[in-house]
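Next comes start06.cif, with mmCIF, C-alpha atoms.
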data_final
#
loop_
_atom_site.label_atom_id
_atom_site.label_comp_id
_atom_site.auth_asym_id
_atom_site.auth_seq_id
_atom_site.Cartn_x
_atom_site.Cartn_y
_atom_site.Cartn_z
CA MET O 1 8.93 41.71 26.94
CA THR O 2 5.89 40.15 28.66
CA ASN O 3 5.60 38.75 32.16
CA GLU O 4 4.00 35.50 31.02
CA ALA O 5 5.23 32.35 32.78
CA VAL O 6 7.48 30.21 30.64
CA SER O 7 6.41 26.58 30.58
CA LEU O 8 8.92 24.17 32.08
CA THR O 9 10.02 21.26 29.92
CA PRO O 10 10.39 17.70 31.24
CA THR O 11 14.18 18.25 31.18
CA ASP O 12 13.78 21.44 33.26
CA LEU O 13 11.61 19.58 35.76
CA ILE O 14 13.99 16.65 36.27
CA ALA O 15 16.95 19.03 36.57
CA ALA O 16 15.20 21.30 39.07
CA ALA O 17 13.91 18.44 41.21
CA SER O 18 17.25 16.63 41.15
CA SER O 19 19.05 19.80 42.17
CA VAL O 20 16.70 20.40 45.11
CA MET O 21 17.08 16.82 46.30
CA ARG O 22 20.90 16.86 46.11
CA MET O 23 21.16 20.27 47.80
CA SER O 24 18.95 18.94 50.61
CA GLY O 25 21.26 16.04 51.42
CA TYR O 26 19.77 13.26 49.33
CA GLN O 27 22.11 10.99 47.41
CA GLU O 28 21.23 9.98 43.88
CA VAL O 29 21.26 6.19 43.61
CA SER O 30 22.18 4.35 40.43
CA SER O 31 19.76 1.57 39.74
CA ASP O 32 17.69 -0.04 37.04
CA TRP O 33 14.94 2.36 38.13
CA SER O 34 16.92 5.40 36.96
CA THR O 35 16.28 6.34 33.32
CA PRO O 36 16.44 9.66 31.42
CA SER O 37 13.03 10.56 32.90
CA THR O 38 13.38 9.00 36.37
CA ARG O 39 15.76 9.37 39.29
CA LEU O 40 16.12 7.53 42.58
CA PHE O 41 17.25 9.36 45.72
CA GLU O 42 17.79 8.30 49.30
CA ASP O 43 18.86 9.66 52.63
CA GLU O 44 19.01 7.87 55.95
CA TYR O 45 15.21 8.01 56.32
CA CYS O 46 13.62 8.06 52.87
CA VAL O 47 13.73 6.60 49.41
CA VAL O 48 12.31 8.96 46.81
CA GLY O 49 11.52 7.98 43.25
CA LEU O 50 11.19 10.94 40.88
CA ALA O 51 9.49 10.55 37.52
CA VAL O 52 8.79 13.18 34.87
CA PHE O 53 6.29 12.74 32.04
CA THR O 54 5.67 14.81 28.92
CA THR O 55 1.87 14.65 29.28
CA CYS O 56 -0.74 13.98 31.94
CA ALA O 57 -1.96 10.98 29.93
CA GLU O 58 1.53 9.39 30.15
CA LEU O 59 1.65 10.03 33.89
CA ILE O 60 -1.81 8.57 34.49
CA GLY O 61 -1.03 5.53 32.36
CA SER O 62 2.39 4.77 33.90
CA TRP O 63 2.42 5.67 37.57
CA THR O 64 1.18 2.30 38.87
CA ASP O 65 3.99 0.40 37.12
CA LEU O 66 6.55 2.88 38.46
CA GLN O 67 5.14 2.54 41.95
CA GLY O 68 5.34 -1.25 41.75
CA SER O 69 8.94 -1.22 40.59
CA LEU O 70 9.94 1.29 43.30
CA VAL O 71 8.27 -0.82 46.00
CA GLU O 72 10.18 -3.84 44.67
CA ILE O 73 13.51 -1.98 44.88
CA ILE O 74 12.80 -0.90 48.46
CA SER O 75 11.63 -4.41 49.41
CA ASN O 76 14.82 -5.95 48.02
CA LYS O 77 16.89 -3.69 50.29
CA VAL O 78 14.92 -4.54 53.45
CA GLY O 79 15.11 -8.11 54.71
CA LEU O 80 11.96 -9.98 55.67
CA ILE O 81 12.90 -10.07 59.36
CA GLU O 82 13.95 -6.42 59.53
CA SER O 83 11.62 -3.75 60.76
CA LYS O 84 10.70 -0.95 58.39
CA THR O 85 13.77 1.21 57.90
CA TRP O 86 12.74 3.68 55.18
CA ASP O 87 9.75 5.68 54.10
CA GLY O 88 9.06 5.51 50.38
CA TYR O 89 7.80 8.37 48.23
CA LEU O 90 6.96 8.70 44.55
CA VAL O 91 7.20 12.17 42.98
CA LEU O 92 5.31 12.49 39.69
CA LEU O 93 5.77 15.62 37.56
CA THR O 94 4.50 16.75 34.18
CA PRO O 95 4.37 20.09 32.41
CA GLY O 96 1.16 18.79 30.80
CA ILE O 97 -2.22 20.17 31.76
CA ALA O 98 -4.88 17.76 33.03
CA PRO O 99 -8.11 17.77 31.02
CA SER O 100 -10.83 19.86 32.62
CA GLY O 101 -12.92 17.81 35.02
CA ASP O 102 -10.49 14.85 35.00
CA SER O 103 -10.26 13.50 38.54
CA ASN O 104 -7.39 11.06 37.91
CA ILE O 105 -4.69 13.45 39.13
CA GLU O 106 -6.53 14.08 42.40
CA GLU O 107 -7.11 10.35 42.87
CA ILE O 108 -3.36 9.70 42.49
CA ARG O 109 -2.51 12.59 44.84
CA TYR O 110 -4.64 11.15 47.64
CA ASN O 111 -3.75 7.50 47.04
CA THR O 112 -1.46 6.54 49.92
CA ALA O 113 -1.41 2.80 49.18
CA ARG O 114 2.13 1.40 49.10
CA LEU O 115 3.87 4.81 48.76
CA ARG O 116 3.00 8.41 49.43
CA LYS O 117 2.68 10.32 46.15
CA PHE O 118 3.58 13.92 45.38
CA ILE O 119 2.17 15.00 42.04
CA ALA O 120 2.21 18.24 40.09
CA THR O 121 1.04 19.18 36.61
CA GLY O 122 1.55 22.23 34.42
CA GLU O 123 -1.09 24.09 36.43
CA ASP O 124 1.12 23.75 39.53
CA LEU O 125 4.55 24.15 37.90
CA LYS O 126 5.15 27.64 36.57
CA GLY O 127 8.80 27.93 37.65
CA ALA O 128 11.66 26.07 39.36
CA GLY O 129 10.52 27.47 42.72
CA ASP O 130 7.28 25.52 42.34
CA VAL O 131 9.27 22.29 42.15
CA GLU O 132 10.97 23.08 45.46
CA GLN O 133 7.61 23.99 46.99
CA LEU O 134 6.21 20.57 46.01
CA LEU O 135 9.24 18.76 47.44
CA ARG O 136 9.32 20.72 50.71
CA PRO O 137 7.62 17.97 52.80
CA LEU O 138 10.54 15.67 51.88
CA LEU O 139 13.26 18.16 52.77
CA PRO O 140 14.99 18.37 56.15
CA LEU O 141 14.23 21.20 58.52
CA HIS O 142 17.24 23.39 59.11
CA MET O 143 16.53 24.74 62.57
CA LYS O 144 19.51 27.11 62.41
CA GLN O 145 17.67 29.21 59.83
CA TYR O 146 14.92 29.77 62.40
CA ALA O 147 17.26 30.77 65.21
CA THR O 148 17.44 34.45 65.97
CA SER O 149 19.29 36.65 68.41
CA GLU O 150 16.23 36.11 70.62
CA GLY O 151 16.70 32.31 70.61
CA SER O 152 15.24 29.39 68.74
CA ALA O 153 11.83 29.17 67.09
CA LEU O 154 10.56 27.32 70.16
CA ASP O 155 11.60 30.25 72.35
CA LEU O 156 9.50 32.56 70.19
CA LEU O 157 6.41 30.34 70.27
CA PRO O 158 4.80 31.59 73.54
CA ASP O 159 4.85 35.21 72.34
CA LEU O 160 3.60 34.31 68.86
CA LEU O 161 0.70 32.26 70.19
CA ASP O 162 -0.13 34.88 72.84
CA LYS O 163 -0.85 37.30 69.99
CA HIS O 164 -3.52 34.85 68.82
CA GLY O 165 -5.17 34.49 72.23
CA ILE O 166 -3.37 31.38 73.46
CA ASN O 167 -2.13 31.78 77.02
CA ARG O 168 1.59 32.51 77.08
CA ASP O 169 2.22 30.64 80.37
CA THR O 170 0.50 27.50 79.09
CA THR O 171 2.58 27.54 75.91
CA ALA O 172 5.78 28.10 77.91
CA ILE O 173 5.01 25.05 80.09
CA ILE O 174 4.41 22.88 77.02
CA VAL O 175 7.55 24.13 75.25
CA LYS O 176 9.66 23.47 78.37
CA ALA O 177 8.19 19.96 78.71
CA PHE O 178 8.92 19.31 75.05
CA THR O 179 12.49 20.58 75.36
CA ASP O 180 13.05 18.50 78.53
CA GLN O 181 11.45 15.48 76.81
CA GLU O 182 8.79 15.24 79.52
CA PRO O 183 5.17 14.17 78.93
CA LEU O 184 3.41 17.32 77.72
CA ILE O 185 -0.02 16.75 79.24
CA GLU O 186 1.42 15.52 82.53
CA GLN O 187 3.50 18.69 82.90
CA LEU O 188 0.50 20.82 82.00
CA HIS O 189 -1.66 19.02 84.59
CA GLN O 190 1.03 19.40 87.27
CA SER O 191 1.22 23.13 86.61
CA ARG O 192 -2.53 23.35 87.15
CA GLY O 193 -2.39 21.40 90.42
CA PHE O 194 -3.84 18.15 89.06
CA ARG O 195 -2.20 14.92 90.13
#

Starting from the coordinates I provided, produce the structure as structure tokens.
Amino acid sequence: MTNEAVSLTPTDLIAAASSVMRMSGYQEVSSDWSTPSTRLFEDEYCVVGLAVFTTCAELIGSWTDLQGSLVEIISNKVGLIESKTWDGYLVLLTPGIAPSGDSNIEEIRYNTARLRKFIATGEDLKGAGDVEQLLRPLLPLHMKQYATSEGSALDLLPDLLDKHGINRDTTAIIVKAFTDQEPLIEQLHQSRGFR
């Protein structure tokens, strides 16, 4: 048996991404936007459209229409007089490999007009763990997992930064100000005797 990576199919990708989203607290939303190759998820802060394509060419040729329809769905849920209530994201996945030297995938990745895009091709997606890695910016932070018998992650920060040459006392002042919801710079200046 070899250790070669097994290519994920479009069905594998939609299943893996959907599973990660549901396990992270997102609700799958039934809508006209949902098809066999697309899913719509939301939580109290975000609307996430997920689309899977067989090839890079399909992704490149279809993403703008998908983006437009997702923006329309979000716009229909938010009244004209309401302030912005959701962030919108479009996740585009394909097991296909982009042609060498093709810059279209990178252009989509860095296009933040209308919606933020997360995009991955066969080069990026070798296993289900890669799908979760791509989606990580959309997932909630579970601070409990960072708590230790020594305290929270914030409690550990002064010691961690001290190891990298950042003054422990300065970091402790900033962490305390953050925890107390005080202005960070003002607290730092007061500790240094500036008024």

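Comparing O:Ser19, O:Ser191, O:Ser152, O:Gln67 by their smallest distance to O:Thr171, the closest is O:Ser191 (using only C-alpha atoms).
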
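When all atoms listed in the file are used to compute distances to O:Ser69, the closest of the residues O:Leu139, O:Ala120, O:Ala57, O:Leu40 turns out to be O:Leu40.
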
Handout entry: Expected selection from the PyMOL selection byres ((chain O and resi 92) around 9), given as number ranges by chain
Key = O: 49-53, 59, 63, 90-91, 93-94, 117-121

Exercise for the section: Run through the PyMOL selection byres ((chain O and resi 97) around 12) on the given coordinates and return the selected residues as a PyMOL selection string. Expected result: chain O and resi 7-8+53-60+93-96+98-102+105+120-126

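Between atom CA of O:Ile166 and atom CA of O:Gln181 the separation is 22.0 Å.
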
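Atom CA of O:Thr170 is positioned 9.6 Å from atom CA of O:Arg192.
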
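Using all atoms listed in the file, the nearest neighbour of O:Arg39 within the list O:Met23, O:Leu138, O:Ile14, O:Ala177 is O:Ile14.
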
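Counting all atoms listed in the file and comparing O:Gln187, O:Thr112, O:Ser24, O:Ser34, the residue that lies closest to O:Leu70 is O:Ser34.
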
Handout entry: atom CA of O:Ala15 to atom CA of O:Trp33, distance in Å rounded to a single decimal
Key = 16.9 Å

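In terms of minimum interatomic distance to O:Lys176, O:Asp155 ranks closest within O:Asp32, O:Asp87, O:Glu106, O:Asp155, counting all atoms listed in the file.
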
List, as a PDB file with C-alpha atoms, keeping the file's coordinate frame, every residue that the PyMOL selection byres ((chain O and resi 128) around 10) selects in the file provided.
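Once everything was written out, this is out.pdb:
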ATOM      1  CA  LEU O   8       8.920  24.170  32.080  1.00  0.00           C
ATOM      2  CA  ASP O  12      13.780  21.440  33.260  1.00  0.00           C
ATOM      3  CA  LEU O  13      11.610  19.580  35.760  1.00  0.00           C
ATOM      4  CA  ALA O  15      16.950  19.030  36.570  1.00  0.00           C
ATOM      5  CA  ALA O  16      15.200  21.300  39.070  1.00  0.00           C
ATOM      6  CA  ALA O  17      13.910  18.440  41.210  1.00  0.00           C
ATOM      7  CA  VAL O  20      16.700  20.400  45.110  1.00  0.00           C
ATOM      8  CA  LEU O 125       4.550  24.150  37.900  1.00  0.00           C
ATOM      9  CA  LYS O 126       5.150  27.640  36.570  1.00  0.00           C
ATOM     10  CA  GLY O 127       8.800  27.930  37.650  1.00  0.00           C
ATOM     11  CA  GLY O 129      10.520  27.470  42.720  1.00  0.00           C
ATOM     12  CA  ASP O 130       7.280  25.520  42.340  1.00  0.00           C
ATOM     13  CA  VAL O 131       9.270  22.290  42.150  1.00  0.00           C
ATOM     14  CA  GLU O 132      10.970  23.080  45.460  1.00  0.00           C
ATOM     15  CA  GLN O 133       7.610  23.990  46.990  1.00  0.00           C
TER      16      GLN O 133
END

Practice task
Name all residues at most 12 Å from O:Cys46 (count only C-alpha atoms; drop same-chain ones fewer than 5 positions away) and give them as a PyMOL selection string.
Solution key: chain O and resi 21+25-28+40-41+74+84-90+115-116+137-140

Problem - Proximity to O:Asn104 - best of O:Gly61, O:Pro158, O:Pro36, O:Gly165, all atoms listed in the file - result: O:Gly61
